[in-house]
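As provided, run.csv (CSV, C-alpha atoms) reads as follows.
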chain,number,residue,atom,x,y,z
A,98,SER,CA,-12.8,-20.1,-30.5
A,99,SER,CA,-13.3,-16.4,-29.9
A,100,LEU,CA,-12.3,-16.8,-26.3
A,101,ARG,CA,-9.1,-18.5,-27.4
A,102,ARG,CA,-8.3,-15.5,-29.5
A,103,ASP,CA,-8.9,-13.1,-26.6
A,104,PRO,CA,-7.4,-14.3,-23.3
A,105,SER,CA,-8.4,-11.1,-21.6
A,106,ALA,CA,-12.1,-11.9,-22.2
A,107,VAL,CA,-11.6,-15.3,-20.4
A,108,LYS,CA,-9.9,-13.5,-17.5
A,109,SER,CA,-12.7,-11.0,-17.3
A,110,MET,CA,-15.4,-13.8,-17.2
A,111,LEU,CA,-13.5,-15.6,-14.5
A,112,LYS,CA,-13.1,-12.5,-12.4
A,113,ASN,CA,-16.9,-11.8,-12.8
A,114,ALA,CA,-17.7,-15.2,-11.4
A,115,VAL,CA,-15.1,-15.0,-8.6
A,116,ASN,CA,-16.4,-11.5,-7.5
A,117,ILE,CA,-20.0,-12.6,-7.5
A,118,LEU,CA,-19.1,-15.1,-4.8
A,119,LYS,CA,-16.5,-12.9,-3.0
A,120,PHE,CA,-18.8,-10.0,-2.6
A,121,HIS,CA,-22.0,-12.0,-2.0
A,122,LYS,CA,-23.8,-10.1,-4.8
A,123,LEU,CA,-26.7,-12.6,-4.8
A,124,PHE,CA,-27.4,-12.0,-1.1
A,125,ARG,CA,-28.0,-8.3,-0.7
A,126,PHE,CA,-29.9,-7.2,2.4
A,127,SER,CA,-31.3,-4.2,0.6
A,128,ARG,CA,-31.4,-2.8,-2.9
A,129,SER,CA,-32.5,0.7,-2.1
A,130,ASN,CA,-29.4,2.1,-0.3
A,131,PRO,CA,-28.7,5.6,-1.6
A,132,TRP,CA,-24.9,5.5,-1.2
A,133,ASN,CA,-22.7,5.8,-4.3
A,134,LEU,CA,-19.1,4.9,-3.4
A,135,PHE,CA,-15.8,4.8,-5.3
A,136,PHE,CA,-12.9,2.5,-4.4
A,137,LEU,CA,-9.3,2.3,-5.5
A,138,HIS,CA,-6.8,-0.5,-4.6
A,139,ALA,CA,-9.3,-3.3,-4.5
A,140,GLY,CA,-7.9,-6.8,-4.2
A,141,GLY,CA,-6.6,-6.7,-0.7
A,142,LEU,CA,-8.6,-7.6,2.4
A,143,ASP,CA,-8.4,-4.1,3.9
A,144,VAL,CA,-10.3,-2.7,0.9
A,145,ASP,CA,-12.3,-5.8,-0.2
A,146,ILE,CA,-14.0,-6.3,3.2
A,147,PRO,CA,-15.7,-2.9,3.2
A,148,ILE,CA,-16.6,-3.3,-0.5
A,149,ASP,CA,-18.3,-6.6,0.5
A,150,GLU,CA,-20.2,-5.0,3.4
A,151,PHE,CA,-21.4,-2.0,1.3
A,152,ILE,CA,-22.5,-4.2,-1.6
A,153,ARG,CA,-24.4,-6.6,0.7
A,154,HIS,CA,-26.2,-3.5,2.1
A,155,GLY,CA,-27.3,-2.3,-1.3
A,156,ALA,CA,-24.8,0.5,-2.0
A,157,THR,CA,-23.6,1.3,-5.5
A,158,VAL,CA,-19.9,0.6,-5.7
A,159,PHE,CA,-17.5,1.6,-8.4
A,160,VAL,CA,-13.8,0.5,-8.5
A,161,LYS,CA,-10.9,1.7,-10.6
A,162,GLU,CA,-8.5,-0.9,-11.9
A,163,HIS,CA,-5.9,-0.7,-14.6
A,164,GLY,CA,-7.3,2.7,-15.7
A,165,ARG,CA,-10.9,1.4,-16.1
A,166,ILE,CA,-13.9,2.2,-13.9
A,167,ILE,CA,-16.0,-0.8,-13.1
A,168,ALA,CA,-19.5,-1.0,-11.5
A,169,GLU,CA,-18.5,-3.6,-9.0
A,170,SER,CA,-21.9,-3.8,-7.4
A,171,SER,CA,-23.5,-5.0,-10.7
A,172,CYS,CA,-23.4,-8.8,-11.1
A,173,PHE,CA,-21.3,-8.7,-14.3
A,174,ARG,CA,-19.0,-5.7,-13.4
A,175,ARG,CA,-20.1,-3.3,-16.1
A,176,GLU,CA,-17.4,-0.9,-17.3
A,177,GLN,CA,-18.4,2.7,-16.9
A,178,PRO,CA,-17.4,5.3,-19.5
A,179,LEU,CA,-15.3,8.3,-18.4
A,180,ALA,CA,-16.1,11.4,-20.2
A,181,SER,CA,-13.1,12.9,-22.0
A,182,LEU,CA,-11.8,16.3,-21.1
A,183,GLU,CA,-12.4,19.1,-23.5
A,184,GLU,CA,-9.3,19.7,-25.5
A,185,SER,CA,-9.3,23.5,-24.8
A,186,VAL,CA,-9.3,22.7,-21.0
A,187,ARG,CA,-6.5,20.2,-21.3
A,188,LYS,CA,-4.5,22.6,-23.4
A,189,GLN,CA,-4.9,25.4,-20.9
A,190,VAL,CA,-3.8,23.2,-18.0
A,191,PHE,CA,-0.6,22.1,-19.8
A,192,GLU,CA,0.2,25.6,-20.9
A,193,GLU,CA,-0.2,27.1,-17.4
A,194,CYS,CA,2.0,24.3,-15.9
A,195,SER,CA,4.5,24.7,-18.7
A,196,HIS,CA,4.7,28.4,-17.9
A,197,ALA,CA,5.2,27.7,-14.2
A,198,ALA,CA,8.0,25.2,-15.0
A,199,ASN,CA,9.8,27.8,-17.1
A,200,VAL,CA,9.8,30.4,-14.3
A,201,ILE,CA,10.6,28.1,-11.4
A,202,HIS,CA,14.2,29.3,-11.4
A,203,GLN,CA,12.8,32.7,-10.3
A,204,ASP,CA,11.3,31.1,-7.2
A,205,SER,CA,12.0,32.9,-3.9
A,206,THR,CA,10.7,30.3,-1.5
A,207,ILE,CA,11.6,26.7,-2.3
A,208,LEU,CA,15.1,27.1,-3.7
A,209,PRO,CA,16.3,29.4,-0.8
A,210,TRP,CA,14.8,27.0,1.7
A,211,LEU,CA,16.7,24.1,0.1
A,212,ARG,CA,19.9,26.2,-0.1
A,213,ASP,CA,19.7,27.1,3.6
A,214,ARG,CA,19.4,23.5,4.7
A,215,CYS,CA,21.9,21.9,2.3
A,216,GLY,CA,24.6,24.5,2.8
A,217,ILE,CA,25.2,24.6,-1.0
A,218,ASP,CA,23.2,25.7,-4.0
A,219,PRO,CA,21.3,22.6,-5.1
A,220,SER,CA,19.7,24.3,-8.1
A,221,THR,CA,21.5,22.4,-10.8
A,222,ILE,CA,20.4,19.1,-9.2
A,223,VAL,CA,16.9,20.0,-8.2
A,224,LEU,CA,15.7,22.3,-11.0
A,225,PRO,CA,15.6,19.7,-13.8
A,226,PHE,CA,13.4,17.5,-11.6
A,227,LEU,CA,11.1,20.3,-10.6
A,228,GLU,CA,10.7,21.5,-14.1
A,229,HIS,CA,9.8,18.0,-15.3
A,230,PHE,CA,7.4,17.5,-12.4
A,231,ILE,CA,5.6,20.8,-12.9
A,232,GLY,CA,5.6,20.8,-16.7
A,233,GLN,CA,4.8,17.1,-17.4
A,234,GLU,CA,3.5,15.2,-14.4
A,235,ILE,CA,1.4,17.8,-12.6
A,236,PRO,CA,-0.8,18.7,-15.7
A,237,ALA,CA,-1.5,15.0,-16.3
A,238,ILE,CA,-2.6,14.6,-12.7
A,239,LEU,CA,-4.7,17.7,-12.8
A,240,CYS,CA,-6.4,16.6,-16.1
A,241,ASP,CA,-7.2,13.2,-14.4
A,242,ALA,CA,-8.6,15.1,-11.4
A,243,LEU,CA,-10.9,17.2,-13.6
A,244,GLN,CA,-12.1,14.0,-15.4
A,245,MET,CA,-12.7,12.2,-12.1
A,246,GLY,CA,-14.5,15.2,-10.7
A,247,GLY,CA,-16.9,15.1,-13.6
A,248,PHE,CA,-17.5,11.3,-13.0
A,249,PHE,CA,-18.1,12.0,-9.3
A,250,ARG,CA,-20.7,14.7,-10.1
A,251,GLU,CA,-22.4,12.5,-12.7
A,252,HIS,CA,-22.7,9.5,-10.5
A,253,ARG,CA,-23.2,11.4,-7.2
A,254,ILE,CA,-20.3,9.8,-5.5
A,255,SER,CA,-20.3,10.6,-1.8
A,256,HIS,CA,-17.1,8.9,-0.6
A,257,VAL,CA,-13.8,8.0,-2.3
A,258,PHE,CA,-11.9,5.1,-0.5
A,259,VAL,CA,-8.2,4.4,-1.0
A,260,ARG,CA,-5.4,2.7,0.9
A,261,ALA,CA,-2.5,4.9,-0.3
A,262,ASN,CA,-1.9,8.2,-2.0
A,263,SER,CA,1.6,7.7,-3.6
A,264,ASP,CA,0.6,6.0,-6.8
A,265,LEU,CA,-0.4,8.0,-9.9
A,266,GLU,CA,-3.8,6.3,-10.2
A,267,SER,CA,-5.0,7.6,-6.8
A,268,GLN,CA,-3.8,11.2,-7.0
A,269,GLY,CA,-6.3,12.5,-9.5
A,270,PRO,CA,-9.3,11.0,-7.7
A,271,LEU,CA,-8.0,12.3,-4.3
A,272,ILE,CA,-7.5,15.8,-5.7
A,273,ALA,CA,-11.0,15.7,-7.2
A,274,ALA,CA,-12.5,14.5,-3.9
A,275,LYS,CA,-10.8,16.5,-1.2
A,276,TYR,CA,-9.4,19.6,-2.9
A,277,MET,CA,-12.1,20.1,-5.5
A,278,LYS,CA,-14.8,19.2,-2.9
A,279,HIS,CA,-16.6,16.6,-5.1
A,280,ALA,CA,-16.6,13.8,-2.4
A,281,HIS,CA,-15.4,12.8,1.0
A,282,SER,CA,-11.9,11.2,0.8
A,283,VAL,CA,-11.3,8.2,3.1
A,284,CYS,CA,-8.0,6.3,3.8
A,285,LEU,CA,-8.2,2.6,4.8
A,286,GLN,CA,-4.8,2.4,6.3
A,287,HIS,CA,-2.6,-0.1,4.4
A,288,ALA,CA,-0.3,-1.0,7.3
A,289,SER,CA,-0.1,-0.7,11.0
A,290,ILE,CA,2.3,1.8,12.6
A,291,VAL,CA,4.6,0.8,15.4
A,292,THR,CA,7.2,3.5,15.5
A,293,GLU,CA,6.5,7.2,16.2
A,294,GLY,CA,7.5,9.7,13.6
A,295,GLY,CA,6.3,12.5,11.4
A,296,VAL,CA,6.3,10.7,8.1
A,297,ASP,CA,3.1,8.7,8.8
A,298,GLY,CA,1.3,11.7,10.3
A,299,VAL,CA,1.7,13.3,6.9
A,300,ALA,CA,1.3,10.4,4.5
A,301,ASP,CA,-1.8,8.9,6.1
A,302,THR,CA,-3.8,12.1,6.9
A,303,VAL,CA,-3.0,15.2,4.8
A,304,THR,CA,-4.8,14.1,1.7
A,305,TYR,CA,-7.8,12.7,3.5
A,306,ASP,CA,-11.0,13.9,5.2
A,307,THR,CA,-11.1,10.7,7.3
A,308,THR,CA,-8.5,8.0,8.0
A,309,PHE,CA,-9.4,4.6,9.5
A,310,ALA,CA,-6.4,3.2,11.3
A,311,ARG,CA,-6.0,-0.6,11.4
A,312,ASP,CA,-5.6,-0.8,15.2
A,313,PRO,CA,-5.8,1.4,18.4
A,314,VAL,CA,-2.0,1.8,18.5
A,315,SER,CA,-1.8,3.2,15.0
A,316,GLU,CA,-4.8,5.4,15.7
A,317,ARG,CA,-3.0,6.9,18.7
A,318,ILE,CA,0.3,7.5,16.8
A,319,LEU,CA,-1.6,9.1,13.9
A,320,ASN,CA,-3.4,11.4,16.2
A,321,ASP,CA,-0.2,12.4,18.0
A,322,THR,CA,1.9,12.9,14.9
A,323,SER,CA,-0.8,14.7,12.9
A,324,VAL,CA,-1.2,17.5,15.5
A,325,GLY,CA,1.7,19.5,14.1
A,326,CYS,CA,1.4,18.8,10.4
A,327,ASN,CA,-2.4,18.5,9.8
A,328,PRO,CA,-4.3,19.8,12.8
A,329,GLY,CA,-8.0,19.2,12.6
A,330,ASN,CA,-8.1,18.6,8.9
A,331,CYS,CA,-8.5,14.8,9.1
A,332,ARG,CA,-10.7,12.8,11.3
A,333,ILE,CA,-8.8,9.7,12.6
A,334,LEU,CA,-10.8,6.7,13.6
A,335,CYS,CA,-10.1,2.9,14.0
A,336,SER,CA,-11.5,0.0,12.1
A,337,ALA,CA,-10.0,-3.4,12.9
A,338,HIS,CA,-11.9,-5.4,10.2
A,339,TYR,CA,-8.6,-6.5,8.7
A,340,PHE,CA,-7.3,-8.0,11.9
A,341,ARG,CA,-10.6,-9.5,12.8
A,342,HIS,CA,-10.4,-11.5,9.6
A,343,ILE,CA,-6.9,-12.7,10.5
A,344,GLN,CA,-8.0,-13.6,14.0
A,345,ARG,CA,-10.8,-15.8,12.6
A,346,GLN,CA,-8.4,-17.9,10.6
A,347,ARG,CA,-7.7,-21.2,12.1
A,348,LYS,CA,-4.2,-21.7,13.5
A,349,ARG,CA,-2.3,-24.6,11.9
A,350,PRO,CA,-1.6,-27.2,14.5
A,351,LEU,CA,2.1,-28.3,14.8
A,352,LYS,CA,2.6,-32.0,13.8
A,353,ARG,CA,4.2,-33.9,16.6
A,354,GLY,CA,7.8,-34.7,15.9
A,355,SER,CA,8.2,-32.5,12.9
A,356,PRO,CA,10.5,-29.4,12.9
A,357,GLU,CA,9.0,-26.1,13.7
A,358,THR,CA,8.8,-23.7,10.8
A,359,ILE,CA,10.5,-20.3,11.4
A,360,VAL,CA,9.5,-17.6,9.0
A,361,TYR,CA,12.1,-14.8,8.8
A,362,VAL,CA,10.8,-11.4,7.4
A,363,GLU,CA,13.4,-9.2,5.8
A,364,LYS,CA,13.4,-5.4,6.1
A,365,LYS,CA,11.9,-3.5,3.2
A,366,PHE,CA,13.8,-0.4,2.2
A,367,PRO,CA,11.3,2.0,0.6
A,368,ASP,CA,13.1,4.7,-1.4
A,369,ARG,CA,11.6,7.5,0.6
A,370,LEU,CA,13.1,6.0,3.8
A,371,ARG,CA,16.5,5.0,2.5
A,372,PHE,CA,17.7,8.5,2.2
A,373,PHE,CA,17.3,11.8,4.1
A,374,ASN,CA,18.9,10.4,7.3
A,375,ASN,CA,16.0,7.9,7.8
A,376,ILE,CA,17.9,4.8,7.0
A,377,ILE,CA,17.3,2.0,9.5
A,378,TYR,CA,20.4,-0.2,8.8
A,379,PRO,CA,23.4,0.3,6.6
A,380,ILE,CA,23.0,-2.1,3.7
A,381,THR,CA,26.4,-3.8,4.1
A,382,TRP,CA,25.9,-4.3,7.8
A,383,TYR,CA,22.5,-5.7,7.2
A,384,TYR,CA,23.8,-8.2,4.6
A,385,GLU,CA,26.4,-9.5,7.1
A,386,PHE,CA,23.7,-9.8,9.8
A,387,GLN,CA,21.5,-11.8,7.4
A,388,LYS,CA,24.3,-14.1,6.5
A,389,LYS,CA,24.9,-14.9,10.2
A,390,LEU,CA,21.2,-15.5,10.8
A,391,VAL,CA,21.0,-17.9,7.8
A,392,ASP,CA,24.2,-19.7,8.7
A,393,PHE,CA,22.8,-20.3,12.2
A,394,PHE,CA,19.5,-21.8,11.2
A,395,ALA,CA,21.0,-23.9,8.4
A,396,GLU,CA,22.7,-25.9,11.2
A,397,GLN,CA,19.6,-26.3,13.3
A,398,LYS,CA,17.8,-29.6,12.7
A,399,ARG,CA,14.9,-28.6,15.0
A,400,PHE,CA,13.7,-25.9,12.7
A,401,SER,CA,12.7,-25.5,9.1
A,402,PHE,CA,13.8,-21.9,8.2
A,403,VAL,CA,11.9,-19.9,5.6
A,404,TYR,CA,13.4,-16.6,4.2
A,405,LYS,CA,10.4,-14.4,3.4
A,406,HIS,CA,11.5,-12.2,0.5
A,407,ALA,CA,9.5,-9.2,-0.6
A,408,ASP,CA,9.9,-9.4,-4.4
A,409,THR,CA,9.3,-5.8,-5.1
A,410,ALA,CA,11.0,-3.0,-7.0
A,411,THR,CA,12.4,-1.6,-3.8
A,412,GLN,CA,14.4,-4.7,-3.1
A,413,PRO,CA,16.8,-5.2,-6.0
A,414,TRP,CA,19.8,-5.4,-3.7
A,415,THR,CA,18.7,-8.8,-2.4
A,416,LYS,CA,19.1,-10.6,-5.7
A,417,GLY,CA,22.8,-10.2,-6.0
A,418,SER,CA,23.5,-10.5,-2.2
A,419,ILE,CA,21.5,-12.5,0.4
A,420,LEU,CA,19.3,-14.5,-2.1
A,421,LYS,CA,22.4,-15.5,-4.1
A,422,TYR,CA,24.2,-16.4,-0.8
A,423,VAL,CA,21.3,-18.6,0.3
A,424,ARG,CA,21.0,-20.4,-3.0
A,425,GLU,CA,24.8,-21.0,-3.5
A,426,LYS,CA,25.8,-21.9,0.1
A,427,HIS,CA,22.7,-23.5,1.7
A,428,GLY,CA,20.3,-24.6,-1.0
A,429,ASN,CA,17.6,-26.9,0.4
A,430,PRO,CA,17.9,-26.3,4.1
A,431,ILE,CA,16.8,-22.7,3.7
A,432,LYS,CA,13.7,-22.1,1.7
A,433,ILE,CA,13.0,-18.7,-0.1
A,434,TYR,CA,9.4,-17.7,-0.1
A,435,SER,CA,8.2,-14.7,-2.2
A,436,LYS,CA,4.4,-14.8,-1.8
A,437,THR,CA,2.5,-12.7,0.7
A,438,PHE,CA,3.3,-12.6,4.4
A,439,MET,CA,-0.4,-13.5,5.1
A,440,SER,CA,0.0,-16.8,3.2
A,441,ALA,CA,3.3,-17.5,5.0
A,442,LEU,CA,1.5,-17.1,8.3
A,443,ARG,CA,-0.6,-20.2,7.4
A,444,PHE,CA,2.4,-22.5,7.8
A,445,ALA,CA,4.6,-20.5,10.2
A,446,ASP,CA,5.0,-21.7,13.8
A,447,ARG,CA,7.2,-18.8,14.8
A,448,VAL,CA,8.2,-15.5,13.2
A,449,ILE,CA,11.4,-13.5,13.3
A,450,MET,CA,11.6,-9.9,11.9
A,451,ASP,CA,14.3,-7.3,12.0
A,452,SER,CA,12.0,-4.3,11.8
A,453,PRO,CA,8.8,-3.5,13.6
A,454,SER,CA,6.7,-3.2,10.5
A,455,GLY,CA,3.0,-3.9,10.1
A,456,ALA,CA,3.8,-7.6,9.9
A,457,LEU,CA,4.5,-7.5,13.6
A,458,PHE,CA,0.8,-6.8,14.2
A,459,GLU,CA,-0.3,-9.4,11.7
A,460,ALA,CA,1.8,-12.2,13.3
A,461,ALA,CA,0.7,-11.3,16.8
A,462,VAL,CA,-3.0,-11.3,15.9
A,463,ALA,CA,-2.6,-14.6,14.1
A,464,GLY,CA,-1.3,-16.0,17.4
A,465,LYS,CA,2.3,-16.6,16.3
A,466,PRO,CA,5.2,-16.1,18.7
A,467,VAL,CA,7.3,-13.2,17.4
A,468,LEU,CA,11.0,-12.2,17.9
A,469,CYS,CA,11.5,-8.7,16.5
A,470,PHE,CA,14.7,-6.7,16.3
A,471,TYR,CA,14.8,-2.9,15.9
A,472,ALA,CA,17.2,-0.1,15.9
A,473,ASP,CA,17.6,1.5,19.3
A,474,HIS,CA,17.0,5.0,18.0
A,475,LEU,CA,13.4,4.2,17.1
A,476,ARG,CA,10.6,5.1,19.5
A,477,ILE,CA,8.2,2.1,19.9
Would you give me this structure, written as structure tokens?
Amino acid sequence: SSLRRDPSAVKSMLKNAVNILKFHKLFRFSRSNPWNLFFLHAGGLDVDIPIDEFIRHGATVFVKEHGRIIAESSCFRREQPLASLEESVRKQVFEECSHAANVIHQDSTILPWLRDRCGIDPSTIVLPFLEHFIGQEIPAILCDALQMGGFFREHRISHVFVRANSDLESQGPLIAAKYMKHAHSVCLQHASIVTEGGVDGVADTVTYDTTFARDPVSERILNDTSVGCNPGNCRILCSAHYFRHIQRQRKRPLKRGSPETIVYVEKKFPDRLRFFNNIIYPITWYYEFQKKLVDFFAEQKRFSFVYKHADTATQPWTKGSILKYVREKHGNPIKIYSKTFMSALRFADRVIMDSPSGALFEAAVAGKPVLCFYADHLRI
């Protein structure tokens, strides 16, 4: 009856049982490994595979999920207390950041730099955002970094592993690791890179001491693009554990006489790439392109066409446009699939994508024929 009143307790028990099996906790090779490691973004294969290896070799592994720190290497995932920050320290951080926010209009570096490049004075647009960021968000991140630094010292954490640095939960631990020198920060690359450009050279290297690229192509591009923006500050290596896992999966045999399944992967439009002259396709042109593609396959009896939709916060434009068009005009002939691309690969016979994203590598490694479109200004 107590479990019925507390669904979260049931969920926690089930996750304990699942993770005992997933991470082979009953079959450790050694229980005397001195490594103490900290992971964020557990749950995906690129992070879970290293966690499994470290636990099986006897390392002590902590993970952070939903604001809690869990001892993942213990059988029953014990929650670890995080010492609170002294109120005087917290108050000092917020006061200093508040002072910096109040004097930002006196800045002689950032605002003139923006003014020179925009050709106008952007102060009235930029300053409110800068003041909020410096006065509210930065002190919260710094306080989290101070707390995490204390945790790393207490538990003698040697390495901090993440797959991204843009979410708020990862920024405090990364600052504590790399910039406060409490641990070695490591990036397990969250997606392969196909196109050459400076964005990835910054995002996947600057906040890390070591970055493990998913494949040799991404490793080369990261090394090339990081030369100008982060020379010598991040060691770039390659670990293909994610793709080896995909390669080991059995390929689904095509049933004789049945239509081939074509999985079409739409282009994601992350906010940071939609603006600042980095847009890949105009949205209206892209919508017309998608309609023609859907219309064509709706008439093909030899194929079963699946529209792979990324149901994320960066894709709100699809609900009132192409998804609505598919449902109203074509219905059953065209299937809309919103689960992961990895799960779509299990039933796909062929893949079409209109951007050379990390999915291009995943489909190729899985042995699926791929047709990929890309804008001609991209360097592949």
| remark: note - CA of Thr304 (chain A) and CA of His138 (chain A) are separated by 16.0 Å
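Among the candidate residues A:Cys240, A:Ser267, A:Glu396, A:Tyr422, the one lying nearest to Val186 (chain A) is A:Cys240, with distances computed using only C-alpha atoms.
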| field | Exercise: Arg187 (chain A) partners within 10 Å, all atoms listed in the file, chain neighbours under 2 positions left out, as a ChimeraX atom specification | value | /A:181-185,189-192,236-237,239-241,243
Residues of region 218-274 of chain A that approach region 308-312 of chain A to 10 Å or less, counting all atoms listed in the file: could you list each one with the shortest pair of atoms and its distance in Å to one decimal, rows by chain and increasing residue number, as CSV?
residue,atom,partner,partner_atom,distance
A:Phe258,CA,A:Thr308,CA,9.6
A:Val259,CA,A:Thr308,CA,9.7
A:Arg260,CA,A:Thr308,CA,9.4
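What separates CA of Ser289 (chain A) from CA of Val360 (chain A) is a distance of 19.5 Å.
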Give me, as a compact mmCIF listing (two decimals) with C-alpha atoms, keeping the file's coordinate frame, all polymer residues having an atom no more than 9 Å from region 442-450 of chain A, counting only C-alpha atoms and skipping those fewer than 6 positions away in the same chain.
# COMPACT_ATOMS: atom_id res chain seq x y z
CA GLN A 346 -8.40 -17.90 10.60
CA ARG A 347 -7.70 -21.20 12.10
CA LYS A 348 -4.20 -21.70 13.50
CA ARG A 349 -2.30 -24.60 11.90
CA PRO A 350 -1.60 -27.20 14.50
CA LEU A 351 2.10 -28.30 14.80
CA GLU A 357 9.00 -26.10 13.70
CA THR A 358 8.80 -23.70 10.80
CA ILE A 359 10.50 -20.30 11.40
CA VAL A 360 9.50 -17.60 9.00
CA TYR A 361 12.10 -14.80 8.80
CA VAL A 362 10.80 -11.40 7.40
CA GLU A 363 13.40 -9.20 5.80
CA LYS A 364 13.40 -5.40 6.10
CA VAL A 403 11.90 -19.90 5.60
CA ALA A 456 3.80 -7.60 9.90
CA LEU A 457 4.50 -7.50 13.60
CA GLU A 459 -0.30 -9.40 11.70
CA ALA A 460 1.80 -12.20 13.30
CA ALA A 463 -2.60 -14.60 14.10
CA LYS A 465 2.30 -16.60 16.30
CA PRO A 466 5.20 -16.10 18.70
CA VAL A 467 7.30 -13.20 17.40
CA LEU A 468 11.00 -12.20 17.90
CA CYS A 469 11.50 -8.70 16.50
CA PHE A 470 14.70 -6.70 16.30
CA TYR A 471 14.80 -2.90 15.90
| query | Which residue out of A:Asp264, A:Lys188, A:Lys119, A:Gln244 has the minimum interatomic distance to Met277 (chain A) when only C-alpha atoms are used? | reply |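 Nearest candidate to Met277 (chain A) out of A:Asp264, A:Lys188, A:Lys119, A:Gln244: A:Gln244.
Distance check against Trp414 (chain A) using all atoms listed in the file: of A:Lys112, A:Tyr383, A:His427, A:Val144, the minimum falls on A:Tyr383.
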Find the spatial neighbours of Asn116 (chain A), counting all atoms listed in the file, within a cut-off of 12 Å - ignore same-chain residues fewer than 2 positions away - and output them as an mmCIF file with C-alpha atoms, in the frame of the given file.
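Saved result, part-v5.cif, follows:
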data_model
loop_
_atom_site.group_PDB
_atom_site.id
_atom_site.type_symbol
_atom_site.label_atom_id
_atom_site.label_comp_id
_atom_site.auth_asym_id
_atom_site.auth_seq_id
_atom_site.Cartn_x
_atom_site.Cartn_y
_atom_site.Cartn_z
ATOM 1 C CA SER A 109 -12.700 -11.000 -17.300
ATOM 2 C CA MET A 110 -15.400 -13.800 -17.200
ATOM 3 C CA LEU A 111 -13.500 -15.600 -14.500
ATOM 4 C CA LYS A 112 -13.100 -12.500 -12.400
ATOM 5 C CA ASN A 113 -16.900 -11.800 -12.800
ATOM 6 C CA ALA A 114 -17.700 -15.200 -11.400
ATOM 7 C CA LEU A 118 -19.100 -15.100 -4.800
ATOM 8 C CA LYS A 119 -16.500 -12.900 -3.000
ATOM 9 C CA PHE A 120 -18.800 -10.000 -2.600
ATOM 10 C CA HIS A 121 -22.000 -12.000 -2.000
ATOM 11 C CA LYS A 122 -23.800 -10.100 -4.800
ATOM 12 C CA LEU A 123 -26.700 -12.600 -4.800
ATOM 13 C CA ALA A 139 -9.300 -3.300 -4.500
ATOM 14 C CA GLY A 140 -7.900 -6.800 -4.200
ATOM 15 C CA ASP A 145 -12.300 -5.800 -0.200
ATOM 16 C CA ILE A 148 -16.600 -3.300 -0.500
ATOM 17 C CA ASP A 149 -18.300 -6.600 0.500
ATOM 18 C CA ILE A 152 -22.500 -4.200 -1.600
ATOM 19 C CA ALA A 168 -19.500 -1.000 -11.500
ATOM 20 C CA GLU A 169 -18.500 -3.600 -9.000
ATOM 21 C CA SER A 170 -21.900 -3.800 -7.400
ATOM 22 C CA SER A 171 -23.500 -5.000 -10.700
ATOM 23 C CA CYS A 172 -23.400 -8.800 -11.100
ATOM 24 C CA PHE A 173 -21.300 -8.700 -14.300
ATOM 25 C CA ARG A 174 -19.000 -5.700 -13.400
#
| message | To one decimal place in Å, what is the distance between CA of Phe400 (chain A) and CA of Ser418 (chain A)? | response | 23.6 Å
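Among the candidates A:Gly455, A:Ile380, A:Leu208, A:Pro147, the one nearest to Val314 (chain A) when counting all atoms listed in the file is A:Gly455.
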| query | Leaving out Ala300 (chain A) and any residue of its chain fewer than 2 positions from it, which residues lie within 10 Å of it when counting only C-alpha atoms, given as a ChimeraX atom specification? | reply | /A:261-263,295-298,302-305,319,323
| So which one's closest to Gly464 (chain A), A:Val291, A:Ile343, A:Val158, A:Met439? Using only C-alpha atoms, please. | A:Ile343
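Remark: for Ser315 (chain A), the closest of the candidate residues A:Thr415, A:Ser440, A:Ala274, A:Ala288 is A:Ala288 (distances computed over all atoms listed in the file).
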Please list as a tab-separated table (two decimals) with C-alpha atoms, in the coordinates of the input every residue within 12 Å of Leu420 (chain A), counting all atoms listed in the file and excluding residues in the same chain fewer than 6 positions away.
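As a result, out_29.tsv now contains:
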chain	number	residue	atom	x	y	z
A	363	GLU	CA	13.40	-9.20	5.80
A	384	TYR	CA	23.80	-8.20	4.60
A	387	GLN	CA	21.50	-11.80	7.40
A	388	LYS	CA	24.30	-14.10	6.50
A	391	VAL	CA	21.00	-17.90	7.80
A	403	VAL	CA	11.90	-19.90	5.60
A	404	TYR	CA	13.40	-16.60	4.20
A	405	LYS	CA	10.40	-14.40	3.40
A	406	HIS	CA	11.50	-12.20	0.50
A	407	ALA	CA	9.50	-9.20	-0.60
A	408	ASP	CA	9.90	-9.40	-4.40
A	412	GLN	CA	14.40	-4.70	-3.10
A	413	PRO	CA	16.80	-5.20	-6.00
A	414	TRP	CA	19.80	-5.40	-3.70
A	426	LYS	CA	25.80	-21.90	0.10
A	427	HIS	CA	22.70	-23.50	1.70
A	428	GLY	CA	20.30	-24.60	-1.00
A	431	ILE	CA	16.80	-22.70	3.70
A	432	LYS	CA	13.70	-22.10	1.70
A	433	ILE	CA	13.00	-18.70	-0.10
A	434	TYR	CA	9.40	-17.70	-0.10
A	435	SER	CA	8.20	-14.70	-2.20
